[in-house]
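Trainee: Pasting in a structure now, in structure tokens, and then I'll have a few things to ask.
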Amino acid sequence: MTKDVLVNIKGIQTVFGSPGEPEEPIELLTAGTYRKEDGRHILEYDEVFEDIAGGTTKNTVIIEGSSVEVIKSGQTDVDMFFEEGKMNVSYYTTPFGTIEMGIATTGLKVSEEDERLTVKAEYALSMNAQHVADCSLDIVAESKK
């Protein structure tokens with residue numbers, strides 16, 4: 001895969017206890033960079049929050065073996081770790097405060113092709129030790145053509 005990539009991120013949260021259909025998906029399409037280093041796939045991209053002055057978050061996705069780590073720093077800070085069958089706890093820091101966040105990964109699939117890298121994670125999300133949503137995260141990085 002080339003260094004310059006297009007990154008498509010799609011997240012869906014089904015809020016625990018809410019009737020009806022899942023919430024609208026959150027989707028981001030942006031430019032990013034990709035490199036492979038010591039057997040790890042590393043993907044980096046920026047996320048801009050237009051409604052917040054100076055609202056930019058740098059995202060780094062590290063894929064190694066059967067685990068995926070998503071590190072966000074800037075307007076929001078968090079280190080999310082996805083490993084199937086395991087619960088990982090981190091702290092999600094926003095301009096409004098910090099929340100304890102738990103991620104219990106129920107499914108994780110990574111696939112690599114010549115010009116495309118795909119990650120699909122399914123997980124239960126908890127905030128301050130309370131289950132709040134079942135979620136999915138899809139990340140697709142493709143070489144710019």
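Ordering of the structure tokens sets the chain letters (A, B, ...), residue numbers begin anew at 1 in every chain, and ligands are numbered from 1 in the order given.
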If you count only C-alpha atoms, which residues fall within 12 Å of region 33-48 of chain A, apart from same-chain ones fewer than 3 positions away, as JSON, numbers by chain?
Mentor: {"A": [1, 2, 3, 4, 5, 6, 7, 8, 9, 27, 28, 29, 30, 51, 52, 53, 54, 55, 56, 57, 58, 59, 60, 61, 62, 63, 64, 65, 66, 67, 68, 69, 70, 71, 72, 73, 74, 75, 76, 110, 111, 112, 115, 116, 117, 118, 119, 139, 140, 141, 142, 143, 144]}
Trainee: May I have all residues of chain A that DSSP, computed from the backbone, assigns to strand (DSSP E or B), given as a ChimeraX atom specification?
Mentor: /A:4-15,26-37,40-48,56-64,67-74,77-83,87-94,97-113,116-127,130-143
Trainee: Which one of A:Gly32, A:Gln13, A:Tyr123, A:Val78 sits closest to Thr98 (chain A) if you count only C-alpha atoms?
Mentor: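 Among the listed residues, the smallest separation from Thr98 (chain A) belongs to A:Val78.
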Trainee: Expressed in Å to a single decimal, how great is the separation between CA of Asn88 (chain A) and CA of Glu113 (chain A)?
Mentor: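 It comes out at 28.5 Å.
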Trainee: Between A:Leu125, A:Lys120, A:Ser136, A:Asp77, which has the minimum distance to Val89 (chain A) (counting only C-alpha atoms)?
Mentor: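 Going through A:Leu125, A:Lys120, A:Ser136, A:Asp77 one by one, the smallest distance to Val89 (chain A) is for A:Leu125.
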Trainee: Might you pull out every residue within 12 Å of Ile12 (chain A), with only C-alpha atoms counted and same-chain residues fewer than 6 positions away left off, and present them as a list of chain:residue names?
Mentor: A:Glu21, A:Pro22, A:Glu23, A:Glu24, A:Pro25, A:Ile26, A:Glu27, A:Lys120, A:Ala121, A:Glu122, A:Tyr123, A:Ala124, A:Leu125, A:Ala133, A:Asp134, A:Cys135, A:Ser136, A:Leu137, A:Asp138
Trainee: Which is closer to Met87 (chain A) than all the others in A:Ala104, A:Ile99, A:Lys109, A:Thr14, using only C-alpha atoms?
Mentor: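 That would be A:Ala104, the residue with the smallest distance to Met87 (chain A).
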Trainee: Can you tell me, as a PyMOL selection string, what residues are no more than 8 Å from Glu100 (chain A) when counting only C-alpha atoms, ignoring any on the same chain fewer than 3 positions away?
Mentor: chain A and resi 89-92+127-129
Trainee: Pull N, CA and C atoms from the residues just selected and write them as a compact mmCIF listing (two decimals), in the first residue's frame.
Mentor:
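Ended up saving to out-v1.txt:
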# COMPACT_ATOMS: atom_id res chain seq x y z
N VAL A 89 -9.85 -1.02 29.77
CA VAL A 89 -10.35 0.21 30.35
C VAL A 89 -9.36 1.33 30.07
N SER A 90 -9.88 2.48 29.70
CA SER A 90 -9.05 3.66 29.49
C SER A 90 -9.83 4.88 29.95
N TYR A 91 -9.23 6.04 29.80
CA TYR A 91 -9.88 7.27 30.20
C TYR A 91 -10.04 8.17 28.99
N TYR A 92 -11.27 8.61 28.75
CA TYR A 92 -11.62 9.43 27.60
C TYR A 92 -11.72 10.86 28.09
N MET A 127 -19.31 3.21 30.29
CA MET A 127 -18.84 4.49 30.80
C MET A 127 -19.02 4.48 32.30
N ASN A 128 -17.94 4.76 33.02
CA ASN A 128 -17.97 4.74 34.48
C ASN A 128 -18.57 3.43 34.99
N ALA A 129 -18.13 2.30 34.40
CA ALA A 129 -18.49 0.94 34.77
C ALA A 129 -19.94 0.57 34.48
